[in-house]
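Undergrad: Next up, coords-v4.cif (mmCIF, C-alpha atoms).
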data_data
loop_
_atom_site.group_PDB
_atom_site.id
_atom_site.type_symbol
_atom_site.label_atom_id
_atom_site.label_comp_id
_atom_site.auth_asym_id
_atom_site.auth_seq_id
_atom_site.Cartn_x
_atom_site.Cartn_y
_atom_site.Cartn_z
ATOM 1 C CA MET A 1 -7.222 70.520 60.442
ATOM 2 C CA GLN A 2 -9.278 69.217 57.534
ATOM 3 C CA GLN A 3 -11.363 71.820 55.720
ATOM 4 C CA ALA A 4 -15.132 71.241 55.904
ATOM 5 C CA ASN A 5 -16.923 70.464 52.683
ATOM 6 C CA ILE A 6 -18.603 73.443 51.030
ATOM 7 C CA LEU A 7 -21.876 72.480 49.356
ATOM 8 C CA PHE A 8 -23.275 74.294 46.315
ATOM 9 C CA THR A 9 -26.925 73.669 45.415
ATOM 10 C CA PRO A 10 -27.846 74.141 41.727
ATOM 11 C CA LEU A 11 -31.124 75.838 40.876
ATOM 12 C CA ALA A 12 -31.535 73.820 37.660
ATOM 13 C CA ALA A 13 -29.569 72.083 34.917
ATOM 14 C CA SER A 14 -29.876 70.900 31.350
ATOM 15 C CA LEU A 15 -31.106 67.319 30.996
ATOM 16 C CA ASN A 16 -28.054 66.881 28.790
ATOM 17 C CA THR A 17 -25.838 66.959 31.909
ATOM 18 C CA GLN A 18 -27.538 63.996 33.577
ATOM 19 C CA GLY A 19 -25.652 60.744 34.133
ATOM 20 C CA ILE A 20 -22.157 62.061 33.363
ATOM 21 C CA LYS A 21 -19.407 60.528 35.524
ATOM 22 C CA GLY A 22 -15.635 60.505 35.644
ATOM 23 C CA ARG A 23 -12.583 62.747 36.001
ATOM 24 C CA ILE A 24 -13.363 66.436 35.552
ATOM 25 C CA THR A 25 -11.034 69.395 34.973
ATOM 26 C CA CYS A 26 -11.667 73.106 35.356
ATOM 27 C CA HIS A 27 -11.113 74.380 31.804
ATOM 28 C CA SER A 28 -11.745 78.124 32.124
ATOM 29 C CA ILE A 29 -13.393 80.698 34.386
ATOM 30 C CA TYR A 30 -15.310 83.754 33.170
ATOM 31 C CA SER A 31 -17.574 86.341 34.797
ATOM 32 C CA LYS A 32 -20.741 84.437 33.888
ATOM 33 C CA ALA A 33 -19.565 80.867 33.259
ATOM 34 C CA ILE A 34 -17.146 78.252 34.582
ATOM 35 C CA ASN A 35 -16.309 75.624 31.975
ATOM 36 C CA LEU A 36 -15.537 72.115 33.217
ATOM 37 C CA CYS A 37 -14.190 69.387 30.940
ATOM 38 C CA VAL A 38 -15.074 65.702 31.371
ATOM 39 C CA GLY A 39 -12.696 63.416 29.494
ATOM 40 C CA GLU A 40 -11.137 65.015 26.425
ATOM 41 C CA ASN A 41 -13.856 67.349 25.156
ATOM 42 C CA LYS A 42 -17.188 66.868 26.952
ATOM 43 C CA LEU A 43 -18.120 70.192 28.518
ATOM 44 C CA LEU A 44 -20.222 71.121 31.537
ATOM 45 C CA THR A 45 -20.777 74.816 32.219
ATOM 46 C CA ILE A 46 -21.539 76.195 35.669
ATOM 47 C CA GLN A 47 -23.594 79.311 35.036
ATOM 48 C CA ARG A 48 -24.511 82.387 37.008
ATOM 49 C CA THR A 49 -28.266 82.784 37.409
ATOM 50 C CA GLY A 50 -29.973 85.239 35.071
ATOM 51 C CA GLN A 51 -28.188 84.062 31.903
ATOM 52 C CA GLY A 52 -30.558 81.256 30.948
ATOM 53 C CA ILE A 53 -29.302 77.673 30.700
ATOM 54 C CA SER A 54 -26.895 76.410 28.063
ATOM 55 C CA PRO A 55 -27.352 72.941 26.491
ATOM 56 C CA PHE A 56 -24.780 71.633 28.986
ATOM 57 C CA GLY A 57 -25.390 74.143 31.761
ATOM 58 C CA ILE A 58 -25.807 73.916 35.546
ATOM 59 C CA VAL A 59 -27.111 77.101 37.203
ATOM 60 C CA LEU A 60 -26.031 78.450 40.599
ATOM 61 C CA THR A 61 -27.191 81.499 42.513
ATOM 62 C CA GLU A 62 -25.024 84.566 41.972
ATOM 63 C CA ASP A 63 -23.430 84.307 45.437
ATOM 64 C CA GLU A 64 -22.595 80.612 45.044
ATOM 65 C CA PHE A 65 -21.255 81.158 41.533
ATOM 66 C CA LEU A 66 -18.955 84.002 42.630
ATOM 67 C CA TYR A 67 -17.671 81.982 45.597
ATOM 68 C CA LEU A 68 -16.956 78.960 43.383
ATOM 69 C CA ALA A 69 -15.241 81.104 40.747
ATOM 70 C CA ASP A 70 -12.923 82.507 43.449
ATOM 71 C CA GLU A 71 -12.081 79.072 44.862
ATOM 72 C CA LEU A 72 -11.531 77.157 41.614
ATOM 73 C CA SER A 73 -8.509 77.470 39.322
ATOM 74 C CA PRO A 74 -8.101 76.502 35.644
ATOM 75 C CA GLY A 75 -6.464 73.095 35.435
ATOM 76 C CA GLN A 76 -7.795 71.968 38.830
ATOM 77 C CA VAL A 77 -8.860 68.320 38.730
ATOM 78 C CA GLY A 78 -11.889 66.784 40.405
ATOM 79 C CA GLU A 79 -14.490 64.075 39.963
ATOM 80 C CA ILE A 80 -18.149 63.864 39.000
ATOM 81 C CA ASN A 81 -20.034 60.951 40.527
ATOM 82 C CA HIS A 82 -23.359 60.012 42.149
ATOM 83 C CA GLN A 83 -22.754 62.629 44.868
ATOM 84 C CA GLY A 84 -22.105 65.542 42.518
ATOM 85 C CA ILE A 85 -19.136 67.467 41.128
ATOM 86 C CA ILE A 86 -16.299 67.390 43.664
ATOM 87 C CA PHE A 87 -13.140 69.499 43.705
ATOM 88 C CA GLY A 88 -11.551 68.728 47.060
ATOM 89 C CA ALA A 89 -13.735 70.422 49.691
ATOM 90 C CA LEU A 90 -15.950 72.013 46.981
ATOM 91 C CA ASN A 91 -19.038 69.904 46.301
ATOM 92 C CA ILE A 92 -21.610 70.907 43.679
ATOM 93 C CA ALA A 93 -24.645 68.766 44.431
ATOM 94 C CA LEU A 94 -26.514 66.959 41.692
ATOM 95 C CA PRO A 95 -29.393 69.170 40.468
ATOM 96 C CA LYS A 96 -32.910 68.292 41.582
ATOM 97 C CA ARG A 97 -34.451 70.007 38.571
ATOM 98 C CA TYR A 98 -33.505 69.171 34.975
ATOM 99 C CA LEU A 99 -34.818 70.933 31.871
ATOM 100 C CA ASP A 100 -35.278 69.268 28.490
ATOM 101 C CA LEU A 101 -33.756 71.753 26.020
ATOM 102 C CA GLN A 102 -34.804 69.919 22.852
ATOM 103 C CA VAL A 103 -36.409 72.436 20.508
ATOM 104 C CA GLN A 104 -40.011 71.826 19.485
ATOM 105 C CA THR A 105 -41.238 72.288 15.914
ATOM 106 C CA ASN A 106 -43.319 75.365 16.548
ATOM 107 C CA GLY A 107 -44.893 76.355 13.212
ATOM 108 C CA GLU A 108 -43.676 78.481 10.315
ATOM 109 C CA VAL A 109 -40.967 81.067 10.864
ATOM 110 C CA ARG A 110 -42.316 84.612 10.477
ATOM 111 C CA ARG A 111 -39.447 86.284 8.649
ATOM 112 C CA GLU A 112 -40.862 89.818 8.502
ATOM 113 C CA CYS A 113 -41.453 89.824 12.245
ATOM 114 C CA PHE A 114 -37.837 88.760 12.801
ATOM 115 C CA PHE A 115 -36.357 91.339 10.432
ATOM 116 C CA ARG A 116 -38.389 94.151 12.011
ATOM 117 C CA SER A 117 -37.085 93.134 15.432
ATOM 118 C CA VAL A 118 -33.480 93.083 14.208
ATOM 119 C CA ALA A 119 -33.838 96.494 12.545
ATOM 120 C CA GLN A 120 -35.109 97.983 15.824
ATOM 121 C CA SER A 121 -32.515 96.302 18.052
ATOM 122 C CA GLY A 122 -29.123 96.783 16.372
ATOM 123 C CA GLY A 123 -26.227 94.422 17.054
ATOM 124 C CA GLU A 124 -22.708 93.998 15.693
ATOM 125 C CA THR A 125 -21.538 90.717 14.142
ATOM 126 C CA GLY A 126 -17.989 89.452 14.440
ATOM 127 C CA LEU A 127 -17.267 89.324 10.707
ATOM 128 C CA TYR A 128 -19.833 91.388 8.820
ATOM 129 C CA GLY A 129 -20.441 94.537 10.858
ATOM 130 C CA ASP A 130 -23.940 95.749 11.698
ATOM 131 C CA LEU A 131 -26.397 92.840 11.848
ATOM 132 C CA ALA A 132 -29.356 94.593 10.222
ATOM 133 C CA GLN A 133 -27.179 95.875 7.360
ATOM 134 C CA ALA A 134 -25.563 92.458 6.865
ATOM 135 C CA LEU A 135 -29.024 90.933 6.302
ATOM 136 C CA GLN A 136 -30.152 93.544 3.808
ATOM 137 C CA THR A 137 -30.333 92.296 0.242
ATOM 138 C CA PRO A 138 -28.301 92.061 -1.830
ATOM 139 C CA LEU A 139 -26.114 90.164 0.626
ATOM 140 C CA ASN A 140 -22.344 90.259 0.349
ATOM 141 C CA SER A 141 -20.725 87.403 -1.599
ATOM 142 C CA GLU A 142 -19.807 85.287 1.464
ATOM 143 C CA LEU A 143 -23.323 85.429 2.899
ATOM 144 C CA ILE A 144 -24.817 84.680 -0.526
ATOM 145 C CA GLU A 145 -22.689 81.527 -0.597
ATOM 146 C CA ILE A 146 -23.936 80.455 2.836
ATOM 147 C CA GLN A 147 -27.532 81.110 1.768
ATOM 148 C CA ARG A 148 -26.969 78.970 -1.330
ATOM 149 C CA ARG A 149 -25.636 76.114 0.790
ATOM 150 C CA ILE A 150 -28.701 76.290 3.032
ATOM 151 C CA ILE A 151 -30.939 76.032 -0.045
ATOM 152 C CA TYR A 152 -28.874 73.148 -1.462
ATOM 153 C CA TRP A 153 -29.237 71.298 1.856
ATOM 154 C CA LEU A 154 -32.997 71.958 1.884
ATOM 155 C CA GLU A 155 -33.162 70.511 -1.642
ATOM 156 C CA GLY A 156 -31.587 67.274 -0.444
ATOM 157 C CA GLU A 157 -27.953 67.875 -1.375
ATOM 158 C CA THR A 158 -25.030 66.913 0.856
ATOM 159 C CA VAL A 159 -23.356 70.164 1.864
ATOM 160 C CA SER A 160 -19.954 70.726 3.476
ATOM 161 C CA TRP A 161 -19.609 73.362 6.190
ATOM 162 C CA GLU A 162 -16.016 72.531 7.067
ATOM 163 C CA ASP A 163 -14.499 75.769 5.739
ATOM 164 C CA LEU A 164 -16.866 77.790 7.959
ATOM 165 C CA ILE A 165 -16.439 75.867 11.227
ATOM 166 C CA GLY A 166 -14.050 77.699 13.541
ATOM 167 C CA LYS A 167 -13.976 80.857 11.404
ATOM 168 C CA GLY A 168 -13.956 84.242 13.114
ATOM 169 C CA PRO A 169 -13.185 85.689 16.549
ATOM 170 C CA GLY A 170 -14.460 84.563 19.922
ATOM 171 C CA LEU A 171 -14.502 81.659 22.382
ATOM 172 C CA THR A 172 -17.255 80.408 20.112
ATOM 173 C CA PRO A 173 -15.989 81.640 16.716
ATOM 174 C CA SER A 174 -18.431 83.854 14.825
ATOM 175 C CA MET A 175 -19.307 81.396 12.097
ATOM 176 C CA ASP A 176 -19.971 78.623 14.626
ATOM 177 C CA ASP A 177 -22.579 80.868 16.239
ATOM 178 C CA THR A 178 -24.067 81.523 12.802
ATOM 179 C CA LEU A 179 -24.297 77.776 12.129
ATOM 180 C CA ILE A 180 -26.100 77.358 15.472
ATOM 181 C CA GLY A 181 -28.608 80.023 14.416
ATOM 182 C CA ILE A 182 -29.124 78.201 11.122
ATOM 183 C CA LEU A 183 -29.754 74.915 12.923
ATOM 184 C CA LEU A 184 -32.171 76.566 15.361
ATOM 185 C CA MET A 185 -34.436 77.690 12.522
ATOM 186 C CA ILE A 186 -34.141 74.410 10.617
ATOM 187 C CA TYR A 187 -35.372 72.578 13.722
ATOM 188 C CA SER A 188 -38.038 75.192 14.499
ATOM 189 C CA ASP A 189 -39.894 75.469 11.171
ATOM 190 C CA CYS A 190 -42.536 72.761 10.704
ATOM 191 C CA ARG A 191 -41.992 72.760 6.923
ATOM 192 C CA LEU A 192 -38.510 71.277 7.405
ATOM 193 C CA ALA A 193 -39.339 68.319 9.670
ATOM 194 C CA GLN A 194 -39.245 65.841 6.781
ATOM 195 C CA ARG A 195 -35.896 67.169 5.529
ATOM 196 C CA LEU A 196 -34.333 66.601 8.960
ATOM 197 C CA GLN A 197 -35.459 62.983 8.868
ATOM 198 C CA GLN A 198 -33.696 62.442 5.540
ATOM 199 C CA SER A 199 -30.131 63.402 6.474
ATOM 200 C CA ASP A 200 -28.011 65.193 9.046
ATOM 201 C CA PHE A 201 -26.939 68.811 8.652
ATOM 202 C CA PHE A 202 -23.213 68.105 9.027
ATOM 203 C CA THR A 203 -21.488 65.358 7.073
ATOM 204 C CA ALA A 204 -20.394 62.380 9.174
ATOM 205 C CA GLU A 205 -16.741 63.340 8.622
ATOM 206 C CA GLU A 206 -17.290 66.932 9.780
ATOM 207 C CA PHE A 207 -19.209 65.877 12.852
ATOM 208 C CA ARG A 208 -16.589 63.300 13.820
ATOM 209 C CA HIS A 209 -13.743 65.820 13.575
ATOM 210 C CA LEU A 210 -15.341 68.955 15.031
ATOM 211 C CA ASP A 211 -12.685 69.002 17.757
ATOM 212 C CA LYS A 212 -10.006 69.494 15.103
ATOM 213 C CA LEU A 213 -11.863 72.403 13.490
ATOM 214 C CA THR A 214 -12.869 74.675 16.367
ATOM 215 C CA THR A 215 -12.711 75.376 20.109
ATOM 216 C CA ILE A 216 -13.880 72.895 22.756
ATOM 217 C CA VAL A 217 -16.739 75.220 23.748
ATOM 218 C CA SER A 218 -17.942 75.475 20.145
ATOM 219 C CA VAL A 219 -17.621 71.718 19.636
ATOM 220 C CA ASN A 220 -20.126 71.135 22.426
ATOM 221 C CA TYR A 221 -22.556 73.809 21.235
ATOM 222 C CA LEU A 222 -22.439 72.508 17.647
ATOM 223 C CA GLN A 223 -22.888 68.883 18.737
ATOM 224 C CA CYS A 224 -25.974 69.849 20.734
ATOM 225 C CA ALA A 225 -27.395 72.069 17.982
ATOM 226 C CA ALA A 226 -27.017 69.251 15.456
ATOM 227 C CA GLN A 227 -29.328 67.210 17.734
ATOM 228 C CA GLY A 228 -31.820 70.071 18.167
ATOM 229 C CA ILE A 229 -30.664 70.996 21.689
ATOM 230 C CA PHE A 230 -30.249 74.727 22.380
ATOM 231 C CA SER A 231 -29.890 77.229 25.212
ATOM 232 C CA THR A 232 -33.052 78.595 26.814
ATOM 233 C CA PRO A 233 -32.703 82.088 25.205
ATOM 234 C CA LEU A 234 -32.655 80.460 21.755
ATOM 235 C CA LEU A 235 -35.622 78.229 22.617
ATOM 236 C CA HIS A 236 -37.580 81.315 23.692
ATOM 237 C CA LEU A 237 -36.793 82.968 20.332
ATOM 238 C CA SER A 238 -37.862 79.832 18.465
ATOM 239 C CA ARG A 239 -41.271 79.857 20.135
ATOM 240 C CA ALA A 240 -41.800 83.582 19.626
ATOM 241 C CA ILE A 241 -40.689 83.746 15.987
ATOM 242 C CA CYS A 242 -43.077 80.951 15.001
ATOM 243 C CA GLY A 243 -46.083 82.470 16.789
ATOM 244 C CA TYR A 244 -48.938 84.304 15.110
ATOM 245 C CA SER A 245 -50.318 86.774 17.657
ATOM 246 C CA VAL A 246 -49.431 90.434 18.228
ATOM 247 C CA SER A 247 -47.921 89.436 21.570
ATOM 248 C CA ASP A 248 -45.568 87.020 19.759
ATOM 249 C CA GLU A 249 -44.165 89.922 17.722
ATOM 250 C CA ILE A 250 -43.504 91.814 20.947
ATOM 251 C CA LYS A 251 -41.914 88.694 22.411
ATOM 252 C CA THR A 252 -39.752 88.259 19.305
ATOM 253 C CA LYS A 253 -38.265 91.742 19.733
ATOM 254 C CA ARG A 254 -37.638 91.064 23.429
ATOM 255 C CA ARG A 255 -35.984 87.715 22.652
ATOM 256 C CA VAL A 256 -33.827 89.270 19.931
ATOM 257 C CA GLU A 257 -32.628 91.915 22.399
ATOM 258 C CA GLN A 258 -31.924 89.223 25.000
ATOM 259 C CA ILE A 259 -29.822 87.208 22.541
ATOM 260 C CA LEU A 260 -27.912 90.327 21.456
ATOM 261 C CA SER A 261 -26.772 90.705 25.078
ATOM 262 C CA LEU A 262 -25.019 87.317 24.965
ATOM 263 C CA GLY A 263 -21.254 87.590 24.558
ATOM 264 C CA HIS A 264 -19.438 90.263 22.567
ATOM 265 C CA HIS A 265 -20.563 89.156 19.088
ATOM 266 C CA SER A 266 -22.130 85.745 19.783
ATOM 267 C CA GLY A 267 -25.739 86.922 19.931
ATOM 268 C CA ALA A 268 -25.561 88.929 16.703
ATOM 269 C CA ASP A 269 -23.681 86.114 14.942
ATOM 270 C CA THR A 270 -26.372 83.620 15.988
ATOM 271 C CA LEU A 271 -29.140 85.933 14.770
ATOM 272 C CA LEU A 272 -27.269 86.282 11.473
ATOM 273 C CA GLY A 273 -27.768 82.532 11.000
ATOM 274 C CA VAL A 274 -31.467 82.888 11.839
ATOM 275 C CA GLY A 275 -31.807 85.642 9.248
ATOM 276 C CA LEU A 276 -29.983 83.669 6.544
ATOM 277 C CA VAL A 277 -32.408 80.772 7.005
ATOM 278 C CA CYS A 278 -35.353 83.196 6.746
ATOM 279 C CA LEU A 279 -33.997 84.464 3.416
ATOM 280 C CA ALA A 280 -33.139 80.977 2.160
ATOM 281 C CA LEU A 281 -36.542 79.606 3.156
ATOM 282 C CA ASN A 282 -38.306 82.372 1.272
ATOM 283 C CA GLU A 283 -36.426 81.476 -1.909
ATOM 284 C CA TYR A 284 -36.762 77.725 -1.352
ATOM 285 C CA ILE A 285 -40.498 77.723 -0.547
ATOM 286 C CA ASN A 286 -41.323 79.962 -3.506
ATOM 287 C CA LYS A 287 -39.557 77.805 -6.100
ATOM 288 C CA PRO A 288 -42.146 76.537 -8.584
ATOM 289 C CA TYR A 289 -41.384 72.854 -7.952
ATOM 290 C CA ILE A 290 -41.766 73.123 -4.161
ATOM 291 C CA LYS A 291 -45.211 72.059 -2.998
#
Turn the structure described in the file into structure tokens.
TA:
Amino acid sequence: MQQANILFTPLAASLNTQGIKGRITCHSIYSKAINLCVGENKLLTIQRTGQGISPFGIVLTEDEFLYLADELSPGQVGEINHQGIIFGALNIALPKRYLDLQVQTNGEVRRECFFRSVAQSGGETGLYGDLAQALQTPLNSELIEIQRRIIYWLEGETVSWEDLIGKGPGLTPSMDDTLIGILLMIYSDCRLAQRLQQSDFFTAEEFRHLDKLTTIVSVNYLQCAAQGIFSTPLLHLSRAICGYSVSDEIKTKRRVEQILSLGHHSGADTLLGVGLVCLALNEYINKPYIK
């Protein structure tokens, strides 16, 4: 007797997932995310509600997510078409609600507000220990070097990040998360809009070969971040950190705490990148030749 189709109805999805078709494979299953691979390295992530939406995320209710996670297996092959994502009798309908996760240039980053929030919230990075201590000046030599590269890029230099991509522990290696945090602030601060129009953050060679440098999950996050597309928790931080009211400072602390809850080290590693841009911007903006 043929098994009846089981329909899953997404609550929402990233606009970045729209229009994708073809063979799809279940890559990996975790407690909060199911990673699906389209082609060689295009990722879609089925997410459990309450975690925000990733740049390539599709959100299910908790019950539907848990049922799907039990029924699917890594390596299982299906298809994504005009009807949805289909694995045999499992059918994830196309979302009716899509969110545009392109970051908006929100104003000037308020560095002191951010650093106060980090100091009050804690967090452990994957490579440099306590987040608040890692961002205290003087920085250690590796973080000084990253800060210098950020300043060089802001000054119009071509900078290579290849030695950092894929470095550190995690499904998204620590330094990849830090690079995403750097890109979030570069796209968020209105003073940097012109610099983004002049050249890309990654060199063309780096961007083309990301899949040879890091994990498939990180490749997708970095590709999106390089285009200014971020998860909803990071977009919320971007809006709060560039605000000017007392309520925005309260929101910044709340958003920092939310991001610190993401992954084992991922949140702290991402906030490390945010902090490095805050420090680099302060030095860059205050140079005598910067108007």
Undergrad: Using all atoms listed in the file, which residues of segment 85-131 of chain A come within 8 Å of segment 15-28 of chain A, and what is the closest atom pair for each, with the distance in Å to one decimal? Give it as JSON lines, sorted by chain and residue number.
TA:
{"residue": "A:Tyr98", "atom": "CA", "partner": "A:Leu15", "partner_atom": "CA", "distance": 5.0}
{"residue": "A:Leu99", "atom": "CA", "partner": "A:Leu15", "partner_atom": "CA", "distance": 5.3}
{"residue": "A:Asp100", "atom": "CA", "partner": "A:Leu15", "partner_atom": "CA", "distance": 5.2}
{"residue": "A:Leu101", "atom": "CA", "partner": "A:Leu15", "partner_atom": "CA", "distance": 7.2}
Undergrad: Name all residues at most 9 Å from Gly122 of chain A (count all atoms listed in the file; drop same-chain ones fewer than 4 positions away) and give them as a list of chain:residue names.
TA: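 Here the answer would be A:Ser117, A:Val118, A:Asp130, A:Leu131, A:Ala132, A:Glu257, A:Leu260, A:Ala268.
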Undergrad: May I have the residues within 12 Å of Gln227 of chain A as an MDAnalysis selection string, using all atoms listed in the file and disregarding those fewer than 6 positions away in the same chain?
TA: chainID A and resid 16 55 101:104 180 183:184 186:187 196:197 199:202 207 220:221
Undergrad: List the spatial neighbours of Lys42 of chain A as a list in words - criterion: any atom at most 9 Å away, only C-alpha atoms, same-chain residues fewer than 3 positions off excluded.
TA: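 Skipping anything fewer than 3 positions along the chain leaves Leu36, Cys37, Val38, Gly39, Ile216, Val217, Val219 and Asn220 of chain A.
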Undergrad: Name the residues that the PyMOL selection byres ((chain A and resi 204) around 12) pulls out of this structure, and write them as a VMD selection string.
TA: chain A and resid 158 to 162 199 to 203 205 to 210 223 226
Undergrad: Residues within 12 Å of Asp189 of chain A, please, as an NGL selection string. Count all atoms listed in the file; anything in the same chain fewer than 3 positions from it doesn't count.
TA: :A and (103-111 or 182-186 or 192-196 or 228 or 238-243 or 274 or 277-278 or 281 or 285)
Undergrad: Those residues you just picked out, can you put them in a file as an mmCIF file, in the frame of the given file with C-alpha atoms?
TA:
data_model
loop_
_atom_site.group_PDB
_atom_site.id
_atom_site.type_symbol
_atom_site.label_atom_id
_atom_site.label_comp_id
_atom_site.auth_asym_id
_atom_site.auth_seq_id
_atom_site.Cartn_x
_atom_site.Cartn_y
_atom_site.Cartn_z
ATOM 1 C CA VAL A 103 -36.409 72.436 20.508
ATOM 2 C CA GLN A 104 -40.011 71.826 19.485
ATOM 3 C CA THR A 105 -41.238 72.288 15.914
ATOM 4 C CA ASN A 106 -43.319 75.365 16.548
ATOM 5 C CA GLY A 107 -44.893 76.355 13.212
ATOM 6 C CA GLU A 108 -43.676 78.481 10.315
ATOM 7 C CA VAL A 109 -40.967 81.067 10.864
ATOM 8 C CA ARG A 110 -42.316 84.612 10.477
ATOM 9 C CA ARG A 111 -39.447 86.284 8.649
ATOM 10 C CA ILE A 182 -29.124 78.201 11.122
ATOM 11 C CA LEU A 183 -29.754 74.915 12.923
ATOM 12 C CA LEU A 184 -32.171 76.566 15.361
ATOM 13 C CA MET A 185 -34.436 77.690 12.522
ATOM 14 C CA ILE A 186 -34.141 74.410 10.617
ATOM 15 C CA LEU A 192 -38.510 71.277 7.405
ATOM 16 C CA ALA A 193 -39.339 68.319 9.670
ATOM 17 C CA GLN A 194 -39.245 65.841 6.781
ATOM 18 C CA ARG A 195 -35.896 67.169 5.529
ATOM 19 C CA LEU A 196 -34.333 66.601 8.960
ATOM 20 C CA GLY A 228 -31.820 70.071 18.167
ATOM 21 C CA SER A 238 -37.862 79.832 18.465
ATOM 22 C CA ARG A 239 -41.271 79.857 20.135
ATOM 23 C CA ALA A 240 -41.800 83.582 19.626
ATOM 24 C CA ILE A 241 -40.689 83.746 15.987
ATOM 25 C CA CYS A 242 -43.077 80.951 15.001
ATOM 26 C CA GLY A 243 -46.083 82.470 16.789
ATOM 27 C CA VAL A 274 -31.467 82.888 11.839
ATOM 28 C CA VAL A 277 -32.408 80.772 7.005
ATOM 29 C CA CYS A 278 -35.353 83.196 6.746
ATOM 30 C CA LEU A 281 -36.542 79.606 3.156
ATOM 31 C CA ILE A 285 -40.498 77.723 -0.547
#
Undergrad: Starting from the displayed file, determine the output of the PyMOL selection byres ((chain A and resi 178) around 6) and express the residue list as a list in words.
TA: Met175, Asp176, Asp177, Leu179, Ile180, Gly181, Asp269, Thr270, Leu272 and Gly273 of chain A
Undergrad: Quick one: which residues end up in the PyMOL selection byres ((chain A and resi 169) around 12) for this structure, as a list in words?
TA: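 In the shown coordinates, the PyMOL selection byres ((chain A and resi 169) around 12) covers Thr125, Gly126, Leu127, Tyr128, Ile165, Gly166, Lys167, Gly168, Gly170, Leu171, Thr172, Pro173, Ser174, Met175, Asp176, Asp177, Thr214, Thr215, Ser218, Gly263, His264, His265, Ser266 and Asp269 of chain A.
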Undergrad: One decimal, in Å: what's the spacing between atom CA of Asp163 of chain A and atom CA of Ala225 of chain A?
TA: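 So the answer is 18.2 Å.
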Undergrad: One decimal, in Å: what's the spacing between atom CA of Arg149 of chain A and atom CA of Leu276 of chain A?
TA: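 These atoms are spaced 10.4 Å apart.
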Undergrad: Would you give the centre and edge lengths, in Å to one decimal, of a box along x, y and z around the listed atoms of segment 237-256 of chain A, with 5 Å added to each side, as JSON?
TA:
{"center_x": -42.1, "center_y": 85.8, "center_z": 19.2, "size_x": 26.5, "size_y": 22.0, "size_z": 18.4}
Undergrad: Interatomic distance between atom CA of Glu145 of chain A and atom CA of Ala280 of chain A?
TA: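 Interatomic distance here is 10.8 Å.
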Undergrad: Fewer than 5 positions away in the same chain doesn't count, so skip those; otherwise give me all residues within 8 Å of Ala33 of chain A, counting all atoms listed in the file, as a count of residues only.
TA: 4
Undergrad: Looking at A:Leu135, A:Leu66, A:Ile151, A:Ile85, which one is nearest to Glu283 of chain A, with distances taken over all atoms listed in the file?
TA: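 For Glu283 of chain A, the nearest of the candidates is A:Ile151.
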Undergrad: Go through A:Ala13, A:Asp70, A:Arg97, A:Gly78 and flag the residue nearest Ser231 of chain A, using only C-alpha atoms for the distances.
TA: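 Result for the nearest residue to Ser231 of chain A: A:Ala13.
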Undergrad: Considering only C-alpha atoms, state which residue in the set A:Tyr284, A:Phe56, A:Phe87, A:Phe230 is at the smallest distance from Leu68 of chain A.
TA: A:Phe87
